[in-house]
Structure formats: structure tokens, C-alpha cells
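File shown: protein_9.tsv (TSV, C-alpha atoms and all ligand atoms).
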```tsv
chain	number	residue	atom	x	y	z
K	19	MET	CA	79.25	115.92	127.11
K	20	GLU	CA	77.37	112.70	126.64
K	21	VAL	CA	79.21	109.46	126.06
K	22	ILE	CA	78.45	107.47	122.91
K	23	ARG	CA	76.97	104.15	123.96
K	24	LYS	CA	74.70	103.12	121.13
K	25	ALA	CA	74.93	102.17	117.48
K	26	VAL	CA	72.19	101.87	114.89
K	27	LEU	CA	72.67	99.32	112.13
K	28	PRO	CA	70.16	99.81	109.33
K	29	VAL	CA	69.70	96.41	107.69
K	30	ALA	CA	66.16	96.65	106.32
K	31	GLY	CA	66.92	97.43	102.65
K	32	TRP	CA	65.72	95.29	99.73
K	33	GLY	CA	69.20	94.52	98.42
K	34	THR	CA	67.92	94.83	94.84
K	35	ARG	CA	71.43	94.82	93.37
K	36	PHE	CA	71.81	91.29	94.65
K	37	LEU	CA	68.48	89.78	93.61
K	38	PRO	CA	67.45	86.98	93.43
K	39	ALA	CA	69.94	86.02	96.20
K	40	THR	CA	68.36	88.60	98.50
K	41	LYS	CA	64.76	87.52	97.91
K	42	ALA	CA	64.71	85.54	101.16
K	43	MET	CA	68.25	86.05	102.52
K	44	PRO	CA	69.56	89.39	103.83
K	45	LYS	CA	72.70	90.55	102.04
K	46	GLU	CA	74.04	91.47	105.49
K	47	MET	CA	74.16	87.71	106.20
K	48	PHE	CA	76.22	86.87	103.11
K	49	PRO	CA	79.41	85.11	104.16
K	50	ILE	CA	82.91	86.44	103.78
K	51	ILE	CA	84.23	82.86	103.66
K	52	ASP	CA	82.53	81.69	106.86
K	53	LYS	CA	81.60	84.85	108.76
K	54	PRO	CA	78.57	86.95	107.79
K	55	VAL	CA	79.18	90.58	106.85
K	56	ILE	CA	77.06	91.86	109.73
K	57	GLN	CA	79.26	90.08	112.30
K	58	PHE	CA	82.30	92.05	111.10
K	59	ILE	CA	80.34	95.25	111.66
K	60	VAL	CA	79.16	94.25	115.14
K	61	GLU	CA	82.70	93.19	116.12
K	62	GLU	CA	84.06	96.52	114.91
K	63	LEU	CA	81.64	98.34	117.23
K	64	LEU	CA	82.33	96.08	120.20
K	65	ASP	CA	86.10	96.53	119.75
K	66	ALA	CA	85.53	100.28	119.82
K	67	GLY	CA	83.61	99.96	123.10
K	68	ILE	CA	80.07	100.38	121.72
K	69	GLU	CA	77.93	97.63	123.21
K	70	ASN	CA	74.34	98.68	122.66
K	71	ILE	CA	73.40	97.62	119.16
K	72	ILE	CA	70.10	98.58	117.58
K	73	PHE	CA	69.25	96.80	114.34
K	74	VAL	CA	66.68	98.37	112.05
K	75	THR	CA	65.26	95.30	110.36
K	76	GLY	CA	62.47	94.42	107.99
K	77	ARG	CA	60.76	91.45	106.42
K	78	HIS	CA	63.14	88.60	105.44
K	79	LYS	CA	65.71	89.77	107.98
K	80	ARG	CA	65.08	87.11	110.62
K	81	PRO	CA	68.39	85.30	109.89
K	82	ILE	CA	70.18	88.30	111.46
K	83	GLU	CA	68.21	87.87	114.68
K	84	HIS	CA	68.91	84.13	114.70
K	85	HIS	CA	72.61	84.70	114.13
K	86	PHE	CA	73.06	86.67	117.34
K	87	ASP	CA	70.72	84.43	119.34
K	88	ILE	CA	71.44	81.22	121.24
K	89	ASN	CA	70.94	78.03	119.22
K	90	THR	CA	70.71	75.31	121.87
K	91	ASP	CA	70.14	72.49	119.33
K	92	LEU	CA	73.29	73.41	117.43
K	93	GLU	CA	75.29	73.77	120.65
K	94	ARG	CA	74.14	70.32	121.84
K	95	HIS	CA	75.03	68.80	118.48
K	96	LEU	CA	78.53	70.32	118.50
K	97	GLU	CA	79.02	69.24	122.11
K	98	GLU	CA	78.05	65.65	121.31
K	99	ALA	CA	80.26	65.69	118.22
K	100	GLY	CA	83.20	66.91	120.34
K	101	LYS	CA	83.70	69.98	118.14
K	102	GLU	CA	84.94	72.16	120.97
K	103	GLU	CA	86.56	74.95	118.98
K	104	ILE	CA	83.60	75.77	116.77
K	105	LEU	CA	81.25	75.34	119.75
K	106	GLU	CA	83.15	78.01	121.64
K	107	ASN	CA	82.96	80.30	118.64
K	108	ILE	CA	79.21	79.74	118.25
K	109	ARG	CA	78.64	80.49	121.95
K	110	GLU	CA	80.73	83.64	121.71
K	111	ILE	CA	78.53	84.98	118.88
K	112	SER	CA	75.36	84.32	120.92
K	113	HIS	CA	76.71	86.33	123.82
K	114	MET	CA	78.42	89.04	121.79
K	115	THR	CA	75.59	91.52	122.10
K	116	ASN	CA	72.16	92.06	123.62
K	117	PRO	CA	70.61	93.59	120.57
K	118	ILE	CA	67.47	95.63	120.15
K	119	TYR	CA	65.49	95.05	116.96
K	120	VAL	CA	63.35	97.83	115.53
K	121	ARG	CA	61.16	97.14	112.54
K	122	GLN	CA	61.13	99.45	109.51
K	123	LYS	CA	57.72	98.56	108.16
K	124	GLU	CA	58.24	100.15	104.76
K	125	GLN	CA	61.61	100.52	103.05
K	126	LEU	CA	61.47	104.28	102.66
K	127	GLY	CA	65.22	104.81	102.55
K	128	LEU	CA	68.28	104.93	104.77
K	129	GLY	CA	67.20	108.20	106.39
K	130	HIS	CA	63.84	106.71	107.26
K	131	ALA	CA	65.55	103.61	108.68
K	132	VAL	CA	67.63	105.81	111.01
K	133	LEU	CA	64.52	107.77	112.03
K	134	THR	CA	62.78	104.48	112.88
K	135	SER	CA	65.46	103.85	115.54
K	136	GLU	CA	64.65	107.04	117.46
K	137	PRO	CA	62.60	105.45	120.30
K	138	ALA	CA	65.45	103.00	120.95
K	139	VAL	CA	68.19	105.63	120.78
K	140	GLY	CA	66.50	108.36	122.82
K	141	TYR	CA	68.06	111.81	123.12
K	142	GLU	CA	71.77	111.02	123.00
K	143	PRO	CA	74.59	110.84	120.42
K	144	PHE	CA	74.89	107.56	118.54
K	145	PHE	CA	76.75	105.73	115.79
K	146	VAL	CA	75.24	104.64	112.51
K	147	SER	CA	77.11	101.85	110.69
K	148	LEU	CA	75.90	100.61	107.33
K	149	GLY	CA	75.21	96.90	107.26
K	150	ASP	CA	77.05	96.13	104.03
K	151	ILE	CA	80.35	98.02	104.34
K	152	ILE	CA	83.37	96.47	106.07
K	153	LEU	CA	86.33	98.69	106.97
K	154	GLU	CA	89.90	97.53	107.32
K	155	ARG	CA	90.85	97.98	111.01
K	156	GLY	CA	87.41	99.56	111.38
K	157	SER	CA	87.43	99.74	115.18
K	158	GLU	CA	90.48	102.04	115.08
K	159	ALA	CA	88.53	104.34	112.75
K	160	LEU	CA	85.55	104.35	115.12
K	161	LYS	CA	87.83	105.19	118.05
K	162	GLU	CA	89.24	108.14	116.09
K	163	MET	CA	85.71	109.31	115.37
K	164	ILE	CA	84.79	109.05	119.06
K	165	GLU	CA	87.84	111.13	119.91
K	166	ILE	CA	86.78	113.86	117.47
K	167	TYR	CA	83.26	113.76	118.92
K	168	ASN	CA	84.67	114.05	122.45
K	169	ARG	CA	86.59	117.17	121.46
K	170	PHE	CA	83.92	119.03	119.52
K	171	GLY	CA	80.64	117.52	120.78
K	172	LYS	CA	79.13	117.50	117.30
K	173	SER	CA	78.34	114.96	114.57
K	174	VAL	CA	81.31	113.24	112.92
K	175	ILE	CA	81.28	111.32	109.65
K	176	ALA	CA	83.94	109.15	108.05
K	177	LEU	CA	85.15	110.02	104.55
K	178	PHE	CA	87.48	108.22	102.18
K	179	GLU	CA	89.18	109.17	98.94
K	180	VAL	CA	87.71	107.78	95.73
K	181	ASP	CA	88.78	108.10	92.09
K	182	ARG	CA	87.39	111.21	90.40
K	183	GLU	CA	85.47	109.06	87.88
K	184	GLU	CA	83.72	107.25	90.73
K	185	VAL	CA	82.32	110.24	92.64
K	186	ASN	CA	78.90	109.70	91.02
K	187	LYS	CA	78.44	106.54	93.11
K	188	TYR	CA	78.72	108.29	96.50
K	189	GLY	CA	77.71	111.14	98.73
K	190	ILE	CA	80.58	113.65	98.32
K	191	ALA	CA	81.67	116.24	100.86
K	192	LYS	CA	82.98	119.77	100.44
K	193	VAL	CA	85.39	120.16	103.33
K	194	LYS	CA	87.91	122.39	105.05
K	195	GLU	CA	90.83	120.65	106.76
K	196	ILE	CA	91.17	121.97	110.30
K	197	GLU	CA	94.04	119.71	111.29
K	198	ASP	CA	95.79	116.62	109.97
K	199	GLY	CA	93.03	114.19	108.89
K	200	VAL	CA	90.23	116.18	110.60
K	201	TYR	CA	87.83	118.24	108.52
K	202	ILE	CA	84.79	120.38	108.92
K	203	ILE	CA	82.01	119.80	106.40
K	204	GLU	CA	80.93	122.77	104.30
K	205	ASP	CA	78.47	120.99	102.01
K	206	LEU	CA	77.33	117.55	100.90
K	207	VAL	CA	76.28	116.47	97.43
K	208	GLU	CA	74.65	113.15	96.62
K	209	LYS	CA	76.17	111.34	93.61
K	210	PRO	CA	77.57	114.36	91.69
K	211	SER	CA	79.16	114.14	88.25
K	212	PRO	CA	82.99	114.35	88.27
K	213	GLU	CA	82.72	117.95	86.98
K	214	GLU	CA	80.29	119.06	89.69
K	215	ALA	CA	81.96	117.22	92.59
K	216	PRO	CA	83.44	119.61	95.19
K	217	SER	CA	86.08	116.99	96.14
K	218	ASN	CA	86.79	113.29	95.85
K	219	LEU	CA	86.01	112.60	99.52
K	220	ALA	CA	83.11	110.18	99.79
K	221	ILE	CA	80.89	109.25	102.72
K	222	VAL	CA	81.85	105.75	103.78
K	223	GLY	CA	79.00	104.45	105.93
K	224	ARG	CA	80.14	105.29	109.46
K	225	TYR	CA	78.56	108.25	111.24
K	226	ILE	CA	78.25	109.70	114.73
K	227	PHE	CA	75.13	111.84	115.03
K	228	THR	CA	73.88	114.19	117.67
K	229	PRO	CA	70.18	113.47	118.36
K	230	LYS	CA	69.27	116.61	116.41
K	231	ILE	CA	69.51	114.46	113.28
K	232	PHE	CA	66.10	112.96	114.18
K	233	GLU	CA	64.46	116.39	114.04
K	234	LYS	CA	66.10	116.96	110.65
K	235	LEU	CA	65.06	113.54	109.35
K	236	ARG	CA	61.46	114.38	110.21
K	237	GLU	CA	61.76	117.57	108.14
K	238	THR	CA	63.39	115.79	105.20
K	239	LYS	CA	61.19	115.43	102.11
K	240	PRO	CA	61.48	112.23	100.07
K	241	GLY	CA	64.22	112.61	97.45
K	242	LYS	CA	65.51	110.26	94.74
K	243	GLY	CA	63.22	107.22	94.28
K	244	GLY	CA	60.78	108.56	96.90
K	245	GLU	CA	63.26	107.64	99.64
K	246	ILE	CA	64.15	109.73	102.67
K	247	GLN	CA	67.87	110.27	102.18
K	248	LEU	CA	70.22	110.51	105.14
K	249	THR	CA	72.43	112.94	103.19
K	250	ASP	CA	69.50	115.36	102.76
K	251	ALA	CA	68.90	115.35	106.54
K	252	MET	CA	72.63	115.94	107.09
K	253	ARG	CA	72.43	119.00	104.84
K	254	LEU	CA	69.59	120.35	107.00
K	255	LEU	CA	71.62	119.57	110.12
K	256	LEU	CA	74.54	121.56	108.66
K	257	GLU	CA	72.38	124.69	108.70
K	258	GLU	CA	72.23	124.49	112.49
K	259	GLU	CA	75.20	122.51	113.72
K	260	ALA	CA	78.74	121.85	112.56
K	261	ILE	CA	79.53	118.40	111.21
K	262	TYR	CA	83.10	117.17	111.46
K	263	ALA	CA	84.76	114.53	109.33
K	264	TYR	CA	87.45	111.98	109.83
K	265	LYS	CA	89.46	110.83	106.83
K	266	PHE	CA	89.65	107.07	106.77
K	267	GLU	CA	92.87	105.82	105.20
K	268	GLY	CA	92.30	102.06	105.19
K	269	LYS	CA	90.52	99.83	102.70
K	270	VAL	CA	86.77	99.95	102.24
K	271	TYR	CA	85.01	96.71	101.36
K	272	ASP	CA	81.56	97.18	99.85
K	273	THR	CA	79.61	93.94	99.96
K	274	GLY	CA	76.30	95.27	98.64
K	275	ASN	CA	76.78	94.37	94.97
K	276	PRO	CA	78.06	91.18	93.29
K	277	ILE	CA	81.42	92.34	91.92
K	278	ASP	CA	82.60	94.22	95.01
K	279	TYR	CA	81.34	91.39	97.20
K	280	LEU	CA	83.38	88.88	95.19
K	281	LYS	CA	86.49	91.07	95.37
K	282	THR	CA	86.02	91.27	99.15
K	283	VAL	CA	85.68	87.51	99.51
K	284	PHE	CA	88.83	86.96	97.44
K	285	GLU	CA	90.87	89.49	99.40
K	286	PHE	CA	89.85	87.96	102.71
K	287	ALA	CA	90.45	84.45	101.38
K	288	LEU	CA	93.98	85.38	100.33
K	289	GLN	CA	94.67	86.42	103.93
K	290	ARG	CA	93.60	83.03	105.25
K	291	GLU	CA	96.43	80.51	105.67
K	292	ASP	CA	94.08	77.54	105.42
K	293	ILE	CA	92.65	78.69	102.09
K	294	ALA	CA	95.07	81.00	100.26
K	295	GLY	CA	97.46	78.39	98.81
K	296	GLU	CA	94.82	76.21	97.16
K	297	LEU	CA	92.83	79.22	96.00
K	298	ILE	CA	95.83	80.86	94.31
K	299	GLN	CA	96.67	77.60	92.55
K	300	HIS	CA	93.08	77.27	91.35
K	301	ILE	CA	92.94	80.85	90.07
K	302	GLN	CA	96.26	80.43	88.27
K	303	GLU	CA	94.91	77.33	86.53
K	304	LEU	CA	91.72	79.15	85.55
K	305	ILE	CA	93.65	82.11	84.20
K	306	SER	CA	96.05	80.01	82.18
K	307	LYS	CA	93.12	78.05	80.65
K	308	GLN	CA	91.40	81.33	79.84
K	309	THR	CA	94.58	82.72	78.25
K	310	GLN	CA	94.99	79.58	76.12
K	311	LEU	CA	91.40	79.98	74.89
K	312	ILE	CA	92.01	83.62	74.01
K	313	ASP	CA	95.29	82.74	72.24
K	314	ARG	CA	93.52	80.11	70.15
K	315	SER	CA	90.66	82.38	69.08
P	1	LIG	P1	71.72	100.33	100.42
P	1	LIG	O1	71.17	101.25	99.42
P	1	LIG	O2	73.11	99.83	100.25
P	1	LIG	O3	70.80	99.02	100.60
P	1	LIG	O4	71.54	100.95	101.87
P	1	LIG	P2	69.60	98.48	99.77
P	1	LIG	O5	68.59	99.53	99.52
P	1	LIG	O6	69.17	97.24	100.49
P	1	LIG	O7	70.36	98.04	98.44
P	1	LIG	P3	69.91	98.11	96.91
P	1	LIG	O8	70.31	99.49	96.47
P	1	LIG	O9	68.44	97.84	96.86
P	1	LIG	O10	70.74	97.03	96.25
P	1	LIG	C1	72.55	100.94	102.87
P	1	LIG	C2	72.06	100.24	104.13
P	1	LIG	O11	70.83	100.81	104.55
P	1	LIG	C3	69.84	99.83	104.77
P	1	LIG	C4	70.31	98.62	103.93
P	1	LIG	O12	69.84	97.40	104.50
P	1	LIG	C5	71.81	98.74	103.91
P	1	LIG	O13	72.43	98.01	104.95
P	1	LIG	N1	68.52	100.35	104.37
P	1	LIG	C6	68.31	100.92	103.16
P	1	LIG	C7	67.47	100.26	105.28
P	1	LIG	O14	67.64	99.74	106.40
P	1	LIG	N2	66.23	100.72	104.90
P	1	LIG	C8	65.99	101.29	103.69
P	1	LIG	O15	64.84	101.69	103.44
P	1	LIG	C9	67.07	101.39	102.81
```
Would you mind writing the file out in C-alpha cells?
Amino acid sequence: MEVIRKAVLPVAGWGTRFLPATKAMPKEMFPIIDKPVIQFIVEELLDAGIENIIFVTGRHKRPIEHHFDINTDLERHLEEAGKEEILENIREISHMTNPIYVRQKEQLGLGHAVLTSEPAVGYEPFFVSLGDIILERGSEALKEMIEIYNRFGKSVIALFEVDREEVNKYGIAKVKEIEDGVYIIEDLVEKPSPEEAPSNLAIVGRYIFTPKIFEKLRETKPGKGGEIQLTDAMRLLLEEEAIYAYKFEGKVYDTGNPIDYLKTVFEFALQREDIAGELIQHIQELISKQTQLIDRS
């Protein structure tokens, strides 16, 4: 069985839920305090032993390329300023990965973005990690997924439990549990109503695919909004090959829309010793002012 060596990171989307911030700046570069979202996702892959990273990029996505490149001017400046610690960190990011950039010329959907990566992936199994979802202890989840792949030799997707009322925001899986935390997929439904949903297990943005997915993506007709949906191609794949699922038990941080992004930033900030104390004090002051205003009205 082939070893998984590569990961595709689709980062070419418009980020319409975050406009106008995303007009010229990729949402994948938004900071969680001082580290861009995309760096968390690359680190997760590296920690899981996946070193070949293929970014599917588009217009306005250059900052991602710059982030993982060497910036000699900045390094010289930090060196001259004697800022050793941050200099080391900056150098580490530049040498983290030797990425491949593939251009999605038209934003025809996530499925299309994955298909665009085919020449760089070749005929071998590969990861897909969404560029705006951070997982708590994500590399452990990826390692579990690799283990399932190594046992069954078929595609593996990560699922997580969502509230029943929220199933209409996700791709939802109908599953059969084959052992503790490991499932086999029976069907997939994109954004069902709570009544229609076959479960409350949602697709979370981490996938291992066999290369057969490319064939299925080519057969996939444009769906909602004229986009080629990855879930539709997965349904076609299901007709020919089994797809396994791993149930992710940690926290999922969506950074692709303003409110969930803000919640993520706050949660991460509260874990930071250098920030948490002052931030909590500030929030308490804000809340008490707000409560006084409400009491008065
Ligand atoms: P999203 O649906 O979250 O991203 O796709 P989006 O389309 O940029 O966001 P909205 O809905 O307009 O606000 C998940 C991932 O797939 C990438 C995105 O960059 C994101 O990381 N994507 C999406 C592509 O690479 N190409 C596409 O055509 C669509």
C-alpha cells in the first residue's frame, strides 16, 4: 500500500463571508493573535509527518506564498535589531516547507480546487486540509486517519458531532460504526434540514483520498451555486470504493466567518499567559459597563 506523503490545501476561495476584509487579503492569512491560520494547518501536517504541501491558490493569495518564503530584508533588520528570538521563529517558518503552488484560475468550488491539484499529486493517496479550519491537537487526528488508511487502504474522512439544529451548515454522513470511533460511510448529504439529516456527524475539513477521487471529480456536475462540490464527488466515489471515517473528539475552530473567527481568537488568547490576564480584565470591564447600560434602560 502506498504511503501518504502529500497534502493539498485549497486556499483559492473568495472568502465572501469576510468581505471587505478579504478583498485583498486571504482569510487563510488572518491572525490568531500573531500566527496566521494557514500556519496552524501546515504545522498540523508537518507534525503528522506530511511534508509535501500543495497549495491551490488564486488571485489575491500571494501573501500565503510570501509567508512561507525567505524574507532576507526582514531577517537582516531583526539581526541588526538584536531580536534573536523572533528572528529564529521567522527563519523557521521560511524553512518549514518546500511548497508547491497550483493556481485555480476560476473559483469553481472546493471540488474543482482539489481537481486542480491533480498534476502535482499524481496517482497516489493524499490529504486534503481546508485552509480555514483549525483542529485542537489536529496532528493526532491526522495520525489516527493515517492509521485507518494504512489498515483499509481506502479514503478516510474526519467527522465531528454537531448540534441537531446546526446540521444544515455542514456535509452530514450516514455511517455504520465498525469499531470504537471508526465508521464506514453509507451516504453523504450536503446541508440537510434537521429532519432529513441521517445523523449529526459533520464533515470537518480533513480528508485522505485515494487518487480515484480525481476521476470522480471530473465526472461531477456543478451543483449549488454552479460550484463543483467535493461532497458530490465523494458520493460518486462511494459507488465504487468504501470510504471510512474517523470521529474527531476535540474542538473545531472555524475561522471562515467573523463570529467563529472572533471566538477562536478569544479562546486562543485566553490560553496565552502573556495576554490572558489583561484581556480578561478588559472583557470584565466591558461587560460590567454593558450591564449598567442595560440596567439603566
Ligand atoms: P469555503 O467555502 O469555506 O471558502 O471553502 P470560500 O468560498 O472562500 O468562503 P465563502 O463561502 O465565500 O465565505 C473551504 C476552503 O476551500 C477553498 C477556500 O479557500 C477555503 O479554504 N476554496 C473554495 C477554493 O480553494 N476554491 C474554491 O473555488 C472554493
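Minimum atom-to-atom distance to Ile226 of chain K, evaluated using all atoms listed in the file, belongs to K:Met163 out of K:Leu177, K:Leu206, K:Val55, K:Met163.
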Show me which residues line ligand LIG 1 (chain P), defined as having an atom within 8 Å of a ligand atom where all atoms listed in the file count, and present them as a PyMOL selection string.
chain K and resi 27-36+45-46+74-76+122+124-132+148-151+223+245+274-275
Pick out the residues sitting within 10 Å of Lys187 of chain K, and hand them over as a count of residues only; count all atoms listed in the file, and ignore anything fewer than 4 positions along from it in its own chain.
7
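Closest to Leu248 of chain K among K:Gly189, K:Thr273, K:Tyr262, K:Val21 is K:Gly189, based on only C-alpha atoms.
Between atom CA of Ser112 of chain K and atom CA of Ile51 of chain K the interatomic distance comes to 19.5 Å.
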Selection: 9 Å around Leu133 of chain K, only C-alpha atoms, excl. self and same-chain fewer than 3 positions, as a PyMOL selection string
chain K and resi 128-130+136-137+231-233+235-236
May I ask for the distance between atom CA of Ile246 of chain K and atom CA of Glu258 of chain K, given in Å to one decimal place?
19.5 Å
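Relative to atom CA of Tyr119 of chain K, atom CA of Phe73 of chain K is found at 4.9 Å.
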Can you pull out every residue within 10 Å of Leu153 of chain K, counting all atoms listed in the file, but drop anything in the same chain fewer than 2 positions away, and send it as number ranges by chain?
K: 58-59, 62, 151, 155-160, 222-224, 266-272
So that I can check the surroundings of Val26 of chain K, please list as number ranges by chain every protein, DNA and RNA residue that reaches within 7 Å of it, counting only C-alpha atoms and ignoring chain neighbours fewer than 6 positions away.
K: 71-73, 145-147
